Amino acid sequence: MNNELDTGLRTLYPPAEPFESGMLDVGDGHRIYWERCGNPLGKPAVFLHGGPGSGCSAAHRSLFDPEKYCVVLFDQRGCGRSTPHAGLDANTTWHLVADIEALRTLFGVQKWLVFGGSWGSTLALAYAQTHPAQVSELIVRGIFCVRRAELHWYYQEGASWIFPDQWAQFIAPIAADERHDYIAAYRRLLTGSDEAAKLAAAQAWSSWEGSTITLLPSAAVVEAHHAAFYALAFARIENHYFTHGGFLEEGQLLRDASKLRDIPGVIVQGRYDLATPARTAWDLHRAWPEAQFHLVEGAGHAYNEPGILHRLIQATDQFSDR
């Protein structure tokens, strides 16, 4: 099965449809959508999407060789096809870690490869550090540990210096006297009773990310992030998690990286990632030196930037026969 460009870079496997899908009641009023793709007898893997609040896409299925993997993808609480849409109650990192375990138990998997990018890397690290015996390998991309400095860089000052035009649109919904803390100001709008203001804020929040995650501008990515249904869950859930520091102790995921020592791993990071700058990936590399580390030149944050995608497919192929 050929999934290599003329440049020698690996790319996505051909599109695949799930062989099974359903909804799992995980309690607290939440039902999560899940699907399984690839070979039912293949190597177990679970894909953890970003955001939090974005949901899975069909393209995510194609990160894995469908002849060798049996991949579980699911929409995390409150987003995508999961219900209730944009729900914040009982929606924390540790609820999601428990949901991953519930899915593993549902499918009778003993150990599986865990793959996560951006917020998915946060969740993958939290899960692997909580349940290391259930993780056969760990692939993380666009590393994000929800430290205060990381949130300040992207939502207060830092990335704003690189994207002043997009930043002007991000801050437009926020009153001047609230601009000392944009996350808190957005929290008020995104959880308020004014539905029009809530949607406008959600679209501004989501569009900021859509306009800054690729190395070069992508109108399609921005348009997808601006769509009302997507933006409402994405913005409300992201802001909810970031208001609470990812429901993590400061620096927890790096502090506890020693728990990953016996898990074969790959870290992939774009050099010019302005959403989750390379400093965090470097810190993880130093805390978890046993993992392979790839700092990809000429790439931003998105998983499908050519150099990043090449390394991710290499990693899933590398582990497919273990």
# chains A, B, ... in the order shown; residues from 1 in each chain; ligands from 1
>>> select_by_dssp(residues="range 50-199 of chain A", states="strand (DSSP E)", output="PyMOL selection string")
chain A and resi 69-74+112-117+135-141
>>> closest_residue(among="A:Ser258, A:Ser21, A:Gln76, A:Gln156", to="Arg286 in chain A", atoms="only C-alpha atoms")
A:Ser258
>>> residues_around(residues="Trp167 in chain A", least_positions_apart="3", cutoff="12 Å", atoms="only C-alpha atoms", output="compact mmCIF listing (two decimals) with N, CA, C and O atoms, in the first residue's frame")
# COMPACT_ATOMS: atom_id res chain seq x y z
N TYR A 154 -0.04 32.03 24.51
CA TYR A 154 -1.00 31.93 23.42
C TYR A 154 -2.25 32.77 23.64
O TYR A 154 -2.87 33.21 22.67
N TYR A 155 -2.61 33.01 24.89
CA TYR A 155 -3.87 33.69 25.17
C TYR A 155 -3.71 35.04 25.90
O TYR A 155 -4.71 35.64 26.28
N GLN A 156 -2.48 35.49 26.09
CA GLN A 156 -2.30 36.80 26.72
C GLN A 156 -1.25 37.63 25.99
O GLN A 156 -1.55 38.69 25.48
N GLU A 157 -0.04 37.14 25.90
CA GLU A 157 1.00 37.88 25.18
C GLU A 157 2.11 36.94 24.76
O GLU A 157 2.63 36.18 25.56
N GLY A 158 2.45 36.98 23.52
CA GLY A 158 3.50 36.13 22.96
C GLY A 158 3.19 35.89 21.50
O GLY A 158 3.72 36.56 20.60
N ALA A 159 2.27 34.95 21.24
CA ALA A 159 1.82 34.71 19.88
C ALA A 159 1.18 35.96 19.28
O ALA A 159 1.19 36.17 18.06
N SER A 160 0.65 36.82 20.14
CA SER A 160 0.04 38.07 19.70
C SER A 160 1.04 38.97 18.96
O SER A 160 0.64 39.78 18.11
N TRP A 161 2.32 38.84 19.27
CA TRP A 161 3.35 39.63 18.62
C TRP A 161 3.63 39.12 17.20
O TRP A 161 4.10 39.87 16.35
N ILE A 162 3.34 37.86 16.96
CA ILE A 162 3.58 37.26 15.64
C ILE A 162 2.36 37.43 14.74
O ILE A 162 2.49 37.58 13.53
N PHE A 163 1.17 37.43 15.34
CA PHE A 163 -0.08 37.53 14.58
C PHE A 163 -0.90 38.73 15.07
O PHE A 163 -2.02 38.57 15.56
N PRO A 164 -0.38 39.96 14.94
CA PRO A 164 -1.12 41.11 15.49
C PRO A 164 -2.46 41.33 14.80
O PRO A 164 -3.42 41.80 15.45
N PHE A 170 -9.21 38.51 17.82
CA PHE A 170 -9.41 37.70 19.02
C PHE A 170 -9.86 38.57 20.20
O PHE A 170 -10.74 38.18 20.98
N ILE A 171 -9.26 39.74 20.34
CA ILE A 171 -9.56 40.56 21.51
C ILE A 171 -10.77 41.46 21.31
O ILE A 171 -11.26 42.07 22.27
N ALA A 172 -11.30 41.52 20.09
CA ALA A 172 -12.41 42.43 19.79
C ALA A 172 -13.62 42.25 20.70
O ALA A 172 -14.23 43.24 21.11
N PRO A 173 -14.03 41.02 21.07
CA PRO A 173 -15.21 40.88 21.92
C PRO A 173 -14.99 41.29 23.38
O PRO A 173 -15.96 41.34 24.15
N ILE A 174 -13.76 41.56 23.77
CA ILE A 174 -13.43 41.77 25.18
C ILE A 174 -13.32 43.26 25.49
O ILE A 174 -12.58 43.99 24.83
N TYR A 182 -7.51 37.52 29.41
CA TYR A 182 -8.43 37.16 28.33
C TYR A 182 -9.15 35.85 28.59
O TYR A 182 -10.31 35.69 28.22
N ALA A 204 -14.82 33.88 17.71
CA ALA A 204 -13.58 34.65 17.79
C ALA A 204 -12.47 33.81 18.42
O ALA A 204 -11.33 33.80 17.94
N TRP A 205 -12.80 33.10 19.50
CA TRP A 205 -11.82 32.23 20.17
C TRP A 205 -11.34 31.14 19.22
O TRP A 205 -10.14 30.90 19.07
N SER A 206 -12.28 30.45 18.59
CA SER A 206 -11.94 29.33 17.73
C SER A 206 -11.18 29.78 16.48
O SER A 206 -10.23 29.12 16.05
N SER A 207 -11.58 30.91 15.92
CA SER A 207 -10.91 31.41 14.72
C SER A 207 -9.47 31.82 15.00
O SER A 207 -8.61 31.72 14.11
N TRP A 208 -9.18 32.31 16.20
CA TRP A 208 -7.81 32.63 16.58
C TRP A 208 -6.93 31.40 16.42
O TRP A 208 -5.85 31.46 15.82
N GLU A 209 -7.40 30.26 16.90
CA GLU A 209 -6.61 29.05 16.77
C GLU A 209 -6.54 28.60 15.31
O GLU A 209 -5.48 28.22 14.82
N GLY A 210 -7.67 28.64 14.61
CA GLY A 210 -7.67 28.20 13.22
C GLY A 210 -6.74 29.00 12.34
O GLY A 210 -6.21 28.49 11.34
N SER A 211 -6.51 30.26 12.69
CA SER A 211 -5.67 31.13 11.86
C SER A 211 -4.20 31.09 12.24
O SER A 211 -3.37 31.70 11.56
N THR A 212 -3.86 30.34 13.29
CA THR A 212 -2.47 30.36 13.77
C THR A 212 -1.82 28.99 13.88
O THR A 212 -0.64 28.90 14.24
>>> residues_around(residues="range 132-141 of chain A", least_positions_apart="5", cutoff="7 Å", atoms="only C-alpha atoms", output="ChimeraX atom specification")
/A:110-118,121,260,263-269
>>> write_last_selection(atoms="N, CA and C atoms", output="mmCIF file, in the first residue's frame")
data_model
loop_
_atom_site.group_PDB
_atom_site.id
_atom_site.type_symbol
_atom_site.label_atom_id
_atom_site.label_comp_id
_atom_site.auth_asym_id
_atom_site.auth_seq_id
_atom_site.Cartn_x
_atom_site.Cartn_y
_atom_site.Cartn_z
ATOM 1 N N GLN A 110 -5.872 -5.395 26.262
ATOM 2 C CA GLN A 110 -4.967 -5.436 27.399
ATOM 3 C C GLN A 110 -4.026 -4.237 27.398
ATOM 4 N N LYS A 111 -3.382 -3.995 26.251
ATOM 5 C CA LYS A 111 -2.483 -2.854 26.101
ATOM 6 C C LYS A 111 -2.694 -2.287 24.704
ATOM 7 N N TRP A 112 -2.528 -0.969 24.581
ATOM 8 C CA TRP A 112 -2.672 -0.378 23.259
ATOM 9 C C TRP A 112 -1.726 0.791 23.063
ATOM 10 N N LEU A 113 -1.445 1.046 21.788
ATOM 11 C CA LEU A 113 -0.668 2.225 21.428
ATOM 12 C C LEU A 113 -1.550 3.445 21.635
ATOM 13 N N VAL A 114 -0.981 4.482 22.235
ATOM 14 C CA VAL A 114 -1.718 5.722 22.484
ATOM 15 C C VAL A 114 -1.099 6.827 21.632
ATOM 16 N N PHE A 115 -1.929 7.518 20.859
ATOM 17 C CA PHE A 115 -1.486 8.551 19.922
ATOM 18 C C PHE A 115 -2.266 9.817 20.228
ATOM 19 N N GLY A 116 -1.567 10.922 20.482
ATOM 20 C CA GLY A 116 -2.253 12.179 20.751
ATOM 21 C C GLY A 116 -1.443 13.374 20.312
ATOM 22 N N GLY A 117 -2.127 14.375 19.733
ATOM 23 C CA GLY A 117 -1.467 15.601 19.310
ATOM 24 C C GLY A 117 -2.107 16.826 19.908
ATOM 25 N N SER A 118 -1.285 17.845 20.205
ATOM 26 C CA SER A 118 -1.753 19.093 20.798
ATOM 27 C C SER A 118 -2.391 18.777 22.162
ATOM 28 N N SER A 121 -1.910 15.353 23.113
ATOM 29 C CA SER A 121 -0.646 14.969 23.757
ATOM 30 C C SER A 121 -0.755 15.128 25.266
ATOM 31 N N LEU A 260 6.968 7.223 32.379
ATOM 32 C CA LEU A 260 6.928 6.796 30.982
ATOM 33 C C LEU A 260 8.164 6.012 30.578
ATOM 34 N N ILE A 263 8.039 2.874 28.470
ATOM 35 C CA ILE A 263 7.128 2.868 27.328
ATOM 36 C C ILE A 263 7.882 3.364 26.091
ATOM 37 N N PRO A 264 7.992 2.568 25.035
ATOM 38 C CA PRO A 264 8.605 3.072 23.797
ATOM 39 C C PRO A 264 7.816 4.277 23.289
ATOM 40 N N GLY A 265 8.514 5.350 22.944
ATOM 41 C CA GLY A 265 7.797 6.564 22.581
ATOM 42 C C GLY A 265 8.444 7.362 21.478
ATOM 43 N N VAL A 266 7.625 8.232 20.868
ATOM 44 C CA VAL A 266 8.073 9.158 19.832
ATOM 45 C C VAL A 266 7.449 10.521 20.126
ATOM 46 N N ILE A 267 8.278 11.561 20.099
ATOM 47 C CA ILE A 267 7.837 12.946 20.262
ATOM 48 C C ILE A 267 8.074 13.658 18.929
ATOM 49 N N VAL A 268 7.036 14.275 18.364
ATOM 50 C CA VAL A 268 7.151 15.006 17.099
ATOM 51 C C VAL A 268 6.708 16.448 17.332
ATOM 52 N N GLN A 269 7.532 17.398 16.892
ATOM 53 C CA GLN A 269 7.264 18.806 17.170
ATOM 54 C C GLN A 269 7.681 19.666 15.984
#
>>> select_by_dssp(residues="range 109-274 of chain A", states="helix (DSSP H, G or I)", output="number ranges by chain")
A: 119-130, 132-134, 148-155, 159-162, 164-171, 176-178, 182-190, 195-210, 219-226, 228-243, 245-247, 252-255, 257-260
>>> residues_around(residues="Arg104 in chain A", least_positions_apart="3", cutoff="10 Å", atoms="only C-alpha atoms", output="list in words")
Pro44, Ala45, Val46, Val72, Ala98, Asp99, Ile100, Glu101, Phe107, Gly108, Val109, Gln110, Lys111, Trp112 and Gln134 of chain A
>>> atom_distance(atom1="CA of Leu12 in chain A", atom2="CA of Val71 in chain A")
14.6 Å
>>> residues_around(residues="range 243-251 of chain A", least_positions_apart="2", cutoff="8 Å", atoms="only C-alpha atoms", output="ChimeraX atom specification")
/A:92-94,145-148,183-184,187,239-241,253-255
>>> residues_around(residues="Glu67 in chain A", least_positions_apart="4", cutoff="8 Å", atoms="only C-alpha atoms", output="list of chain:residue names")
A:Gly38, A:Asn39, A:Gly42
>>> write_last_selection(atoms="N, CA and C atoms", output="PDB file, in the first residue's frame")
ATOM      1  N   GLY A  38      -9.919  -0.105  10.621  1.00  0.00           N
ATOM      2  CA  GLY A  38      -8.775  -0.932  10.273  1.00  0.00           C
ATOM      3  C   GLY A  38      -9.098  -2.407  10.331  1.00  0.00           C
ATOM      4  N   ASN A  39      -8.145  -3.182  10.840  1.00  0.00           N
ATOM      5  CA  ASN A  39      -8.241  -4.639  10.907  1.00  0.00           C
ATOM      6  C   ASN A  39      -8.753  -5.040  12.291  1.00  0.00           C
ATOM      7  N   GLY A  42      -6.155  -6.493  14.268  1.00  0.00           N
ATOM      8  CA  GLY A  42      -4.880  -5.787  14.227  1.00  0.00           C
ATOM      9  C   GLY A  42      -4.416  -5.299  15.584  1.00  0.00           C
TER      10      GLY A  42
END
>>> closest_atom_pairs(of="range 47-152 of chain A", to="range 14-17 of chain A", cutoff="9 Å", atoms="only C-alpha atoms", output="tab-separated table")
residue	atom	partner	partner_atom	distance
A:Ala58	CA	A:Pro15	CA	7.4
A:Ala59	CA	A:Pro15	CA	7.0
A:Arg61	CA	A:Ala16	CA	6.6
A:Ser62	CA	A:Pro15	CA	6.0
A:Asp65	CA	A:Pro14	CA	8.9
A:Pro66	CA	A:Ala16	CA	7.6
>>> atom_distance(atom1="CA of His85 in chain A", atom2="CA of Ala185 in chain A")
22.0 Å
>>> closest_residue(among="A:Arg81, A:Ser218, A:Arg261, A:Glu297", to="His285 in chain A", atoms="only C-alpha atoms")
A:Arg261
